[in-house]
$ cat query.txt   # compact mmCIF, C-alpha atoms
# COMPACT_ATOMS: atom_id res chain seq x y z
CA MET T 146 63.69 -26.79 -42.22
CA GLY T 147 65.12 -25.59 -45.56
CA ASP T 148 66.43 -22.31 -44.15
CA GLY T 149 70.07 -23.36 -43.71
CA THR T 150 69.76 -23.99 -39.99
CA VAL T 151 70.26 -27.22 -38.07
CA ASP T 152 69.08 -28.37 -34.66
CA ILE T 153 71.04 -29.91 -31.81
CA THR T 154 70.08 -31.00 -28.33
CA VAL T 155 72.32 -30.47 -25.32
CA HIS T 156 71.63 -32.48 -22.17
CA ILE T 157 72.37 -30.57 -18.94
CA ASP T 158 73.38 -32.96 -16.15
CA GLU T 159 72.50 -30.71 -13.22
CA THR T 160 68.97 -30.05 -12.00
CA LEU T 161 68.63 -26.28 -12.24
CA ASP T 162 65.84 -23.89 -11.40
CA HIS T 163 63.85 -22.14 -14.11
CA ALA T 164 65.74 -18.84 -13.80
CA ARG T 165 69.13 -20.54 -14.23
CA LEU T 166 67.91 -22.51 -17.24
CA GLN T 167 66.61 -19.33 -18.83
CA ALA T 168 69.92 -17.56 -18.19
CA ILE T 169 71.80 -20.36 -19.95
CA ALA T 170 69.41 -20.30 -22.91
CA GLU T 171 69.67 -16.51 -23.12
CA HIS T 172 73.47 -16.73 -23.13
CA VAL T 173 73.44 -19.29 -25.95
CA ARG T 174 71.02 -17.13 -27.97
CA THR T 175 73.68 -14.38 -28.01
CA GLY T 176 75.93 -16.58 -30.15
CA PHE T 177 76.46 -15.32 -33.70
CA GLY T 178 74.42 -17.61 -35.92
CA VAL T 179 72.18 -18.99 -33.15
CA ALA T 180 68.53 -18.67 -34.17
CA SER T 181 66.99 -20.07 -30.98
CA ALA T 182 67.82 -21.83 -27.74
CA VAL T 183 65.00 -23.10 -25.56
CA PHE T 184 64.31 -25.38 -22.63
CA HIS T 185 60.88 -26.95 -22.32
CA ASP T 186 59.23 -27.15 -18.92
CA THR T 187 58.46 -30.85 -19.36
CA ARG T 188 62.11 -31.71 -20.20
CA PRO T 189 64.25 -29.21 -18.28
CA HIS T 190 67.52 -31.06 -18.86
CA PHE T 191 67.30 -30.66 -22.64
CA LEU T 192 68.35 -27.44 -24.38
CA LEU T 193 67.19 -27.34 -28.00
CA VAL T 194 69.34 -25.10 -30.16
CA ARG T 195 68.77 -24.07 -33.78
CA TYR T 196 71.77 -22.46 -35.47
CA ASP T 197 73.38 -21.71 -38.82
CA PRO T 198 76.39 -24.05 -39.23
CA GLY T 199 77.90 -21.60 -41.71
CA LYS T 200 78.25 -19.09 -38.86
CA ILE T 201 78.82 -21.21 -35.74
CA GLY T 202 79.69 -24.84 -35.11
CA SER T 203 78.11 -27.32 -32.72
CA ASP T 204 81.34 -27.34 -30.70
CA ALA T 205 81.06 -23.58 -30.11
CA VAL T 206 77.39 -23.89 -29.14
CA PHE T 207 78.29 -26.68 -26.71
CA ARG T 208 81.11 -24.61 -25.24
CA MET T 209 78.69 -21.71 -24.67
CA VAL T 210 76.64 -24.06 -22.49
CA THR T 211 79.52 -25.56 -20.52
CA ASP T 212 81.12 -22.14 -20.04
CA GLN T 213 78.09 -21.43 -17.84
CA GLY T 214 79.48 -23.85 -15.24
CA VAL T 215 77.32 -26.88 -15.99
CA HIS T 216 78.15 -30.40 -17.08
CA ALA T 217 76.55 -31.44 -20.35
CA GLU T 218 76.56 -33.78 -23.32
CA LEU T 219 75.84 -33.01 -26.94
CA ILE T 220 73.21 -35.61 -27.80
CA GLY T 221 71.86 -34.54 -31.15
CA ILE T 222 73.36 -33.18 -34.34
$ encode --input "query.txt" --output "structure tokens"
Amino acid sequence: MGDGTVDITVHIDETLDHARLQAIAEHVRTGFGVASAVFHDTRPHFLLVRYDPGKIGSDAVFRMVTDQGVHAELIGI
């Protein structure tokens, strides 16, 4: 890594279609300090987020996900 960013994984409880998953990821990517937010087709319940902890905290990233009306758990810091 070495670039000042960290990775977290957020588990989405609901089974959502591809468009909804992409909308959630796109919303998270708008967060100040978020470098990337992606779902992988083989693991659609896991959102992988890379962010700069000097600009945004894991709690704020998590809130950006749950504010989209889904139930989730922060499973990796």
$ closest_residue --input "query.txt" --among "T:Ile157, T:Ala217, T:Val194, T:Val210" --to "Gly178 in chain T" --atoms "only C-alpha atoms"
T:Val194
$ residues_near_point --input "query.txt" --point "(68.5, -25.6, -40.1)" --cutoff "9 Å" --atoms "only C-alpha atoms" --output "list in words"
Met146, Gly147, Asp148, Gly149, Thr150, Val151, Asp152, Arg195, Tyr196, Asp197 and Pro198 of chain T
$ residues_around --input "query.txt" --residues "range 180-188 of chain T" --least-positions-apart "3" --cutoff "12 Å" --atoms "all atoms listed in the file" --output "number ranges by chain"
T: 148-157, 160-177, 191-198, 200-201, 206-207, 209-210
$ atom_distance --input "query.txt" --atom1 "CA of Thr211 in chain T" --atom2 "CA of Glu159 in chain T"
11.4 Å
$ axis_aligned_box --input "query.txt" --around "range 186-200 of chain T" --padding-each-side "8 Å" --output "JSON"
{"center_x": 68.4, "center_y": -25.4, "center_z": -30.0, "size_x": 35.8, "size_y": 28.6, "size_z": 39.4}
$ residues_near_point --input "query.txt" --point "(75.5, -28.2, -14.3)" --cutoff "6 Å" --atoms "only C-alpha atoms" --output "ChimeraX atom specification"
/T:158-159,214-216
